[in-house]
$ cat work19.json   # JSON, C-alpha atoms
[["chain", "number", "residue", "atom", "x", "y", "z"],
["O", 1, "MET", "CA", 8.73, -11.20, -4.21],
["O", 2, "ILE", "CA", 6.10, -9.08, -2.52],
["O", 3, "LEU", "CA", 7.31, -5.71, -1.26],
["O", 4, "VAL", "CA", 5.18, -3.99, 1.37],
["O", 5, "ILE", "CA", 5.82, -0.28, 1.80],
["O", 6, "LEU", "CA", 4.31, 0.48, 5.21],
["O", 7, "ALA", "CA", 3.75, 4.15, 5.95],
["O", 8, "HIS", "CA", 2.04, 4.58, 9.29],
["O", 9, "PRO", "CA", 3.21, 7.73, 11.07],
["O", 10, "TYR", "CA", 2.76, 6.04, 14.45],
["O", 11, "PRO", "CA", 3.56, 2.38, 13.75],
["O", 12, "ARG", "CA", 3.65, 1.41, 17.43],
["O", 13, "ARG", "CA", 0.16, 2.86, 18.03],
["O", 14, "SER", "CA", -1.43, 1.37, 14.93],
["O", 15, "ARG", "CA", -4.09, -1.25, 15.45],
["O", 16, "ALA", "CA", -5.21, -1.82, 11.89],
["O", 17, "CYS", "CA", -1.98, -1.57, 9.95],
["O", 18, "ALA", "CA", -0.28, -3.63, 12.65],
["O", 19, "ALA", "CA", -2.94, -6.34, 12.32],
["O", 20, "LEU", "CA", -2.53, -6.40, 8.54],
["O", 21, "VAL", "CA", 1.26, -6.60, 8.78],
["O", 22, "GLU", "CA", 1.08, -9.34, 11.40],
["O", 23, "ALA", "CA", -1.20, -11.39, 9.13],
["O", 24, "ILE", "CA", 1.22, -11.33, 6.20],
["O", 25, "ARG", "CA", 4.62, -11.07, 7.89],
["O", 26, "ASP", "CA", 5.36, -14.80, 7.66],
["O", 27, "LEU", "CA", 4.39, -15.26, 4.02],
["O", 28, "PRO", "CA", 7.30, -16.48, 1.93],
["O", 29, "GLU", "CA", 9.19, -13.88, -0.05],
["O", 30, "VAL", "CA", 7.56, -10.88, 1.62],
["O", 31, "GLU", "CA", 9.67, -7.87, 2.52],
["O", 32, "ILE", "CA", 8.12, -5.21, 4.75],
["O", 33, "ARG", "CA", 9.71, -1.76, 4.79],
["O", 34, "SER", "CA", 8.33, 0.52, 7.52],
["O", 35, "LEU", "CA", 9.09, 4.00, 6.22],
["O", 36, "TYR", "CA", 8.59, 5.82, 9.51],
["O", 37, "ASP", "CA", 10.96, 3.38, 11.24],
["O", 38, "LEU", "CA", 13.53, 3.58, 8.45],
["O", 39, "TYR", "CA", 13.33, 7.33, 7.80],
["O", 40, "PRO", "CA", 12.12, 9.23, 10.88],
["O", 41, "ASP", "CA", 13.97, 12.27, 9.53],
["O", 42, "PHE", "CA", 12.35, 11.86, 6.07],
["O", 43, "ASP", "CA", 15.83, 11.33, 4.55],
["O", 44, "VAL", "CA", 14.74, 8.54, 2.19],
["O", 45, "ASP", "CA", 17.52, 6.34, 0.79],
["O", 46, "ARG", "CA", 16.51, 6.41, -2.87],
["O", 47, "ALA", "CA", 18.98, 3.70, -3.94],
["O", 48, "ALA", "CA", 17.81, 1.27, -1.22],
["O", 49, "GLU", "CA", 14.15, 1.86, -2.02],
["O", 50, "GLN", "CA", 14.66, 1.49, -5.75],
["O", 51, "ALA", "CA", 16.65, -1.72, -5.18],
["O", 52, "ALA", "CA", 13.76, -3.10, -3.10],
["O", 53, "LEU", "CA", 11.30, -2.17, -5.85],
["O", 54, "ALA", "CA", 13.51, -3.86, -8.44],
["O", 55, "ARG", "CA", 13.29, -7.15, -6.49],
["O", 56, "ALA", "CA", 9.50, -7.01, -6.26],
["O", 57, "ARG", "CA", 6.84, -8.43, -8.54],
["O", 58, "LEU", "CA", 4.01, -7.05, -6.38],
["O", 59, "VAL", "CA", 4.27, -3.76, -4.51],
["O", 60, "VAL", "CA", 1.82, -3.15, -1.66],
["O", 61, "TRP", "CA", 1.37, 0.43, -0.48],
["O", 62, "LEU", "CA", 0.02, -0.01, 3.06],
["O", 63, "HIS", "CA", -0.96, 3.05, 5.08],
["O", 64, "PRO", "CA", -3.84, 4.80, 6.81],
["O", 65, "LEU", "CA", -5.77, 7.32, 4.77],
["O", 66, "PHE", "CA", -4.61, 10.79, 5.84],
["O", 67, "TRP", "CA", -6.55, 13.78, 4.56],
["O", 68, "TYR", "CA", -7.95, 11.64, 1.75],
["O", 69, "THR", "CA", -4.56, 10.47, 0.50],
["O", 70, "ALA", "CA", -1.24, 9.10, 1.74],
["O", 71, "PRO", "CA", 0.57, 10.20, 4.92],
["O", 72, "GLY", "CA", 3.37, 12.75, 4.48],
["O", 73, "LEU", "CA", 6.28, 10.31, 4.36],
["O", 74, "MET", "CA", 4.52, 8.09, 1.82],
["O", 75, "LYS", "CA", 3.97, 11.13, -0.40],
["O", 76, "HIS", "CA", 7.62, 12.12, 0.12],
["O", 77, "TRP", "CA", 8.64, 8.54, -0.75],
["O", 78, "PHE", "CA", 6.69, 8.86, -4.02],
["O", 79, "ASP", "CA", 8.53, 12.12, -4.75],
["O", 80, "GLU", "CA", 11.99, 10.77, -3.89],
["O", 81, "VAL", "CA", 11.81, 7.22, -5.24],
["O", 82, "LEU", "CA", 9.46, 7.31, -8.22],
["O", 83, "VAL", "CA", 11.66, 9.66, -10.21],
["O", 84, "ARG", "CA", 12.13, 10.33, -13.92],
["O", 85, "GLY", "CA", 14.51, 7.84, -15.48],
["O", 86, "PHE", "CA", 13.50, 5.15, -12.97],
["O", 87, "ALA", "CA", 9.71, 5.08, -12.75],
["O", 88, "TYR", "CA", 8.71, 7.16, -15.78],
["O", 89, "GLY", "CA", 10.09, 9.12, -18.70],
["O", 90, "PRO", "CA", 13.02, 8.10, -20.90],
["O", 91, "GLY", "CA", 14.57, 4.95, -19.43],
["O", 92, "GLY", "CA", 12.00, 5.00, -16.64],
["O", 93, "ASP", "CA", 10.57, 1.53, -17.01],
["O", 94, "ALA", "CA", 11.86, -0.12, -13.82],
["O", 95, "LEU", "CA", 8.31, -0.64, -12.54],
["O", 96, "ALA", "CA", 6.58, -1.35, -15.84],
["O", 97, "GLY", "CA", 4.47, -4.49, -15.67],
["O", 98, "LYS", "CA", 4.78, -5.00, -11.90],
["O", 99, "ASP", "CA", 1.54, -5.18, -9.91],
["O", 100, "VAL", "CA", 0.57, -2.74, -7.17],
["O", 101, "LEU", "CA", -1.99, -3.15, -4.42],
["O", 102, "TRP", "CA", -3.12, -0.18, -2.38],
["O", 103, "ALA", "CA", -4.00, -1.44, 1.09],
["O", 104, "THR", "CA", -5.38, 1.36, 3.22],
["O", 105, "THR", "CA", -7.23, 1.87, 6.46],
["O", 106, "THR", "CA", -9.73, 4.62, 7.20],
["O", 107, "GLY", "CA", -10.94, 6.18, 10.41],
["O", 108, "GLY", "CA", -14.46, 6.46, 9.09],
["O", 109, "ASP", "CA", -16.78, 3.53, 8.63],
["O", 110, "GLU", "CA", -18.30, 2.68, 5.24],
["O", 111, "TRP", "CA", -21.26, 4.99, 5.86],
["O", 112, "ALA", "CA", -18.86, 7.93, 6.42],
["O", 113, "PHE", "CA", -17.67, 7.35, 2.85],
["O", 114, "SER", "CA", -21.08, 7.86, 1.25],
["O", 115, "GLU", "CA", -22.93, 10.88, -0.10],
["O", 116, "ALA", "CA", -24.89, 11.09, 3.14],
["O", 117, "GLY", "CA", -21.84, 10.47, 5.33],
["O", 118, "ARG", "CA", -19.31, 12.79, 6.89],
["O", 119, "HIS", "CA", -17.04, 12.82, 3.79],
["O", 120, "GLN", "CA", -19.97, 13.28, 1.38],
["O", 121, "ARG", "CA", -18.34, 11.06, -1.21],
["O", 122, "PRO", "CA", -17.86, 7.33, -1.67],
["O", 123, "PHE", "CA", -14.42, 5.94, -0.93],
["O", 124, "ASP", "CA", -13.88, 5.43, -4.68],
["O", 125, "ALA", "CA", -13.73, 9.23, -5.08],
["O", 126, "PHE", "CA", -10.43, 9.23, -3.17],
["O", 127, "VAL", "CA", -8.76, 6.47, -5.18],
["O", 128, "PRO", "CA", -7.71, 8.34, -8.38],
["O", 129, "VAL", "CA", -4.62, 10.12, -7.02],
["O", 130, "ILE", "CA", -2.99, 6.93, -5.74],
["O", 131, "GLU", "CA", -4.17, 4.95, -8.77],
["O", 132, "GLN", "CA", -2.80, 7.49, -11.23],
["O", 133, "THR", "CA", 0.54, 7.53, -9.40],
["O", 134, "ALA", "CA", 0.77, 3.78, -9.98],
["O", 135, "ARG", "CA", -0.40, 3.89, -13.58],
["O", 136, "PHE", "CA", 1.95, 6.76, -14.47],
["O", 137, "CYS", "CA", 4.81, 4.52, -13.35],
["O", 138, "GLY", "CA", 3.63, 1.63, -15.52],
["O", 139, "LEU", "CA", 2.38, -0.42, -12.58],
["O", 140, "ASN", "CA", -0.64, -2.70, -13.02],
["O", 141, "TRP", "CA", -3.32, -1.37, -10.67],
["O", 142, "LEU", "CA", -5.14, -3.98, -8.61],
["O", 143, "ALA", "CA", -8.43, -3.25, -6.86],
["O", 144, "PRO", "CA", -7.68, -1.58, -3.51],
["O", 145, "PHE", "CA", -7.92, -3.38, -0.18],
["O", 146, "VAL", "CA", -9.67, -1.17, 2.37],
["O", 147, "VAL", "CA", -10.37, -1.54, 6.08],
["O", 148, "HIS", "CA", -12.95, 1.05, 7.17],
["O", 149, "GLY", "CA", -13.38, 2.29, 10.72],
["O", 150, "ALA", "CA", -9.97, 0.94, 11.60],
["O", 151, "HIS", "CA", -9.64, 2.49, 15.06],
["O", 152, "GLU", "CA", -13.15, 1.44, 16.09],
["O", 153, "ILE", "CA", -13.72, -2.05, 14.75],
["O", 154, "PRO", "CA", -13.35, -5.00, 17.11],
["O", 155, "ASP", "CA", -10.10, -6.96, 17.28],
["O", 156, "GLU", "CA", -11.77, -9.99, 15.65],
["O", 157, "ALA", "CA", -12.77, -7.85, 12.66],
["O", 158, "LEU", "CA", -9.17, -6.70, 12.35],
["O", 159, "ARG", "CA", -7.98, -10.30, 12.44],
["O", 160, "ASP", "CA", -10.55, -11.09, 9.71],
["O", 161, "ALA", "CA", -9.22, -8.19, 7.65],
["O", 162, "GLY", "CA", -5.69, -9.51, 8.12],
["O", 163, "ARG", "CA", -6.79, -12.96, 6.96],
["O", 164, "SER", "CA", -8.48, -11.37, 3.94],
["O", 165, "LEU", "CA", -5.34, -9.49, 2.99],
["O", 166, "ARG", "CA", -3.28, -12.64, 3.44],
["O", 167, "GLU", "CA", -5.70, -14.61, 1.23],
["O", 168, "ARG", "CA", -5.53, -11.87, -1.38],
["O", 169, "LEU", "CA", -1.72, -12.06, -1.50],
["O", 170, "VAL", "CA", -1.72, -15.86, -1.59],
["O", 171, "ALA", "CA", -4.24, -15.78, -4.45],
["O", 172, "TRP", "CA", -2.13, -13.20, -6.29],
["O", 173, "ARG", "CA", 0.94, -15.42, -5.94],
["O", 174, "ALA", "CA", -0.98, -18.47, -7.23],
["O", 175, "THR", "CA", -2.19, -16.49, -10.24],
["O", 176, "VAL", "CA", 1.33, -15.30, -11.06],
["O", 177, "GLU", "CA", 2.75, -18.81, -10.69],
["O", 178, "THR", "CA", 0.04, -20.20, -13.00],
["O", 179, "ARG", "CA", 0.74, -17.47, -15.57],
["O", 180, "ASN", "CA", 4.47, -18.23, -15.46],
["O", 181, "ALA", "CA", 4.07, -22.02, -15.65]]

$ encode --input "work19.json" --output "structure tokens"
Amino acid sequence: MILVILAHPYPRRSRACAALVEAIRDLPEVEIRSLYDLYPDFDVDRAAEQAALARARLVVWLHPLFWYTAPGLMKHWFDEVLVRGFAYGPGGDALAGKDVLWATTTGGDEWAFSEAGRHQRPFDAFVPVIEQTARFCGLNWLAPFVVHGAHEIPDEALRDAGRSLRERLVAWRATVETRNA
């Protein structure tokens, strides 16, 4: 099962995350959990989230890049769900060996994420915090999926990005099925 943890603070105004979700919504054995719809008060149901993670073989963290990391509720979800005894520490091996894909959207285009661009660093400079969160929990880190310039790119480019994400998940599933055969 593929579990998508969607954390867009304004899910009804999202173009890019919405396009990505729409492209994968009908894949078999995909569960999408929209954190801002489920927990508008930030009162995360730890047991429900951990149960969803337990069912998953691939976890997708899907959100826009906010201040070079995850939006507030995604960070809060990390704090509340990925706790000692579940995700790390003694007895904390519930996520060990599962795969994780960080799928994120950025407001800046690719040039903005360069030494000469507005952020003065390549996008890869902002990956380590999310990557280390995954690795600390025993998750297998997959190369991130990034859509740059999400609020500016044409609708067709967003549809292409959605198809690319879908193809990535389908390819992941085929690889897992081959490994397990």

$ residues_around --input "work19.json" --residues "range 161-163 of chain O" --least-positions-apart "5" --cutoff "8 Å" --atoms "all atoms listed in the file" --output "number ranges by chain"
O: 19-24, 147

$ atom_distance --input "work19.json" --atom1 "CA of Pro90 in chain O" --atom2 "CA of Ala103 in chain O"
29.4 Å

$ atom_distance --input "work19.json" --atom1 "CA of Ile130 in chain O" --atom2 "CA of Gly107 in chain O"
18.0 Å

$ closest_residue --input "work19.json" --among "O:Val81, O:Ala157, O:Cys17, O:Ala56" --to "Gly97 in chain O" --atoms "all atoms listed in the file"
O:Ala56

$ closest_residue --input "work19.json" --among "O:Val60, O:Met74, O:Ala174, O:Leu158" --to "Asn140 in chain O" --atoms "only C-alpha atoms"
O:Val60

$ atom_distance --input "work19.json" --atom1 "CA of Glu80 in chain O" --atom2 "CA of Ala134 in chain O"
14.6 Å

$ closest_residue --input "work19.json" --among "O:Val129, O:Leu169, O:Ile5, O:Ala52" --to "Trp77 in chain O" --atoms "only C-alpha atoms"
O:Ile5

$ closest_residue --input "work19.json" --among "O:Cys137, O:Leu27, O:Val44, O:Ala96" --to "Arg84 in chain O" --atoms "all atoms listed in the file"
O:Cys137

$ closest_residue --input "work19.json" --among "O:Asp45, O:Asp99, O:Asp26, O:Asp79" --to "Gly138 in chain O" --atoms "only C-alpha atoms"
O:Asp99

$ closest_residue --input "work19.json" --among "O:Ala87, O:Leu62, O:Leu95, O:Met1" --to "Leu165 in chain O" --atoms "only C-alpha atoms"
O:Leu62

$ build_atoms --input "work19.json" --residues "range 127-158 of chain O" --atoms "N, CA and C atoms" --output "CSV table (one decimal), in the frame of the given file"
chain,number,residue,atom,x,y,z
O,127,VAL,N,-9.7,7.4,-4.6
O,127,VAL,CA,-8.8,6.5,-5.2
O,127,VAL,C,-7.9,7.1,-6.3
O,128,PRO,N,-8.4,7.9,-7.2
O,128,PRO,CA,-7.7,8.3,-8.4
O,128,PRO,C,-6.3,8.9,-8.2
O,129,VAL,N,-6.0,9.6,-7.2
O,129,VAL,CA,-4.6,10.1,-7.0
O,129,VAL,C,-3.6,9.0,-6.8
O,130,ILE,N,-3.9,8.0,-6.0
O,130,ILE,CA,-3.0,6.9,-5.7
O,130,ILE,C,-3.0,6.0,-7.0
O,131,GLU,N,-4.1,5.8,-7.6
O,131,GLU,CA,-4.2,5.0,-8.8
O,131,GLU,C,-3.4,5.6,-9.9
O,132,GLN,N,-3.5,6.8,-10.1
O,132,GLN,CA,-2.8,7.5,-11.2
O,132,GLN,C,-1.3,7.5,-11.0
O,133,THR,N,-0.9,7.6,-9.7
O,133,THR,CA,0.5,7.5,-9.4
O,133,THR,C,1.1,6.2,-9.9
O,134,ALA,N,0.4,5.1,-9.6
O,134,ALA,CA,0.8,3.8,-10.0
O,134,ALA,C,0.8,3.6,-11.5
O,135,ARG,N,-0.3,4.0,-12.1
O,135,ARG,CA,-0.4,3.9,-13.6
O,135,ARG,C,0.6,4.7,-14.3
O,136,PHE,N,0.9,5.9,-13.8
O,136,PHE,CA,2.0,6.8,-14.5
O,136,PHE,C,3.3,6.1,-14.5
O,137,CYS,N,3.5,5.2,-13.5
O,137,CYS,CA,4.8,4.5,-13.4
O,137,CYS,C,4.8,3.2,-14.1
O,138,GLY,N,3.7,2.9,-14.8
O,138,GLY,CA,3.6,1.6,-15.5
O,138,GLY,C,3.2,0.4,-14.7
O,139,LEU,N,2.8,0.7,-13.5
O,139,LEU,CA,2.4,-0.4,-12.6
O,139,LEU,C,1.0,-0.9,-13.0
O,140,ASN,N,0.7,-2.1,-12.8
O,140,ASN,CA,-0.6,-2.7,-13.0
O,140,ASN,C,-1.4,-2.5,-11.7
O,141,TRP,N,-2.5,-1.7,-11.8
O,141,TRP,CA,-3.3,-1.4,-10.7
O,141,TRP,C,-4.3,-2.5,-10.3
O,142,LEU,N,-4.2,-3.0,-9.1
O,142,LEU,CA,-5.1,-4.0,-8.6
O,142,LEU,C,-6.2,-3.3,-7.8
O,143,ALA,N,-7.4,-3.8,-7.7
O,143,ALA,CA,-8.4,-3.2,-6.9
O,143,ALA,C,-7.9,-3.0,-5.4
O,144,PRO,N,-8.2,-1.9,-4.9
O,144,PRO,CA,-7.7,-1.6,-3.5
O,144,PRO,C,-8.3,-2.5,-2.4
O,145,PHE,N,-7.5,-2.6,-1.4
O,145,PHE,CA,-7.9,-3.4,-0.2
O,145,PHE,C,-8.1,-2.3,0.9
O,146,VAL,N,-9.3,-2.2,1.4
O,146,VAL,CA,-9.7,-1.2,2.4
O,146,VAL,C,-10.3,-1.8,3.7
O,147,VAL,N,-9.8,-1.2,4.8
O,147,VAL,CA,-10.4,-1.5,6.1
O,147,VAL,C,-10.9,-0.2,6.6
O,148,HIS,N,-12.3,-0.2,6.7
O,148,HIS,CA,-13.0,1.0,7.2
O,148,HIS,C,-13.1,1.0,8.7
O,149,GLY,N,-13.1,2.2,9.3
O,149,GLY,CA,-13.4,2.3,10.7
O,149,GLY,C,-12.3,1.6,11.5
O,150,ALA,N,-11.1,1.7,11.1
O,150,ALA,CA,-10.0,0.9,11.6
O,150,ALA,C,-9.7,1.1,13.1
O,151,HIS,N,-9.9,2.3,13.6
O,151,HIS,CA,-9.6,2.5,15.1
O,151,HIS,C,-10.8,2.1,15.9
O,152,GLU,N,-12.0,1.8,15.3
O,152,GLU,CA,-13.2,1.4,16.1
O,152,GLU,C,-13.6,0.0,16.0
O,153,ILE,N,-13.2,-0.7,14.9
O,153,ILE,CA,-13.7,-2.0,14.8
O,153,ILE,C,-13.1,-3.0,15.8
O,154,PRO,N,-13.8,-4.0,16.1
O,154,PRO,CA,-13.4,-5.0,17.1
O,154,PRO,C,-12.1,-5.7,16.6
O,155,ASP,N,-11.3,-6.2,17.6
O,155,ASP,CA,-10.1,-7.0,17.3
O,155,ASP,C,-10.4,-8.1,16.3
O,156,GLU,N,-11.5,-8.8,16.5
O,156,GLU,CA,-11.8,-10.0,15.6
O,156,GLU,C,-12.0,-9.5,14.2
O,157,ALA,N,-12.6,-8.4,14.0
O,157,ALA,CA,-12.8,-7.8,12.7
O,157,ALA,C,-11.4,-7.5,12.0
O,158,LEU,N,-10.5,-7.0,12.9
O,158,LEU,CA,-9.2,-6.7,12.4
O,158,LEU,C,-8.4,-8.0,12.0
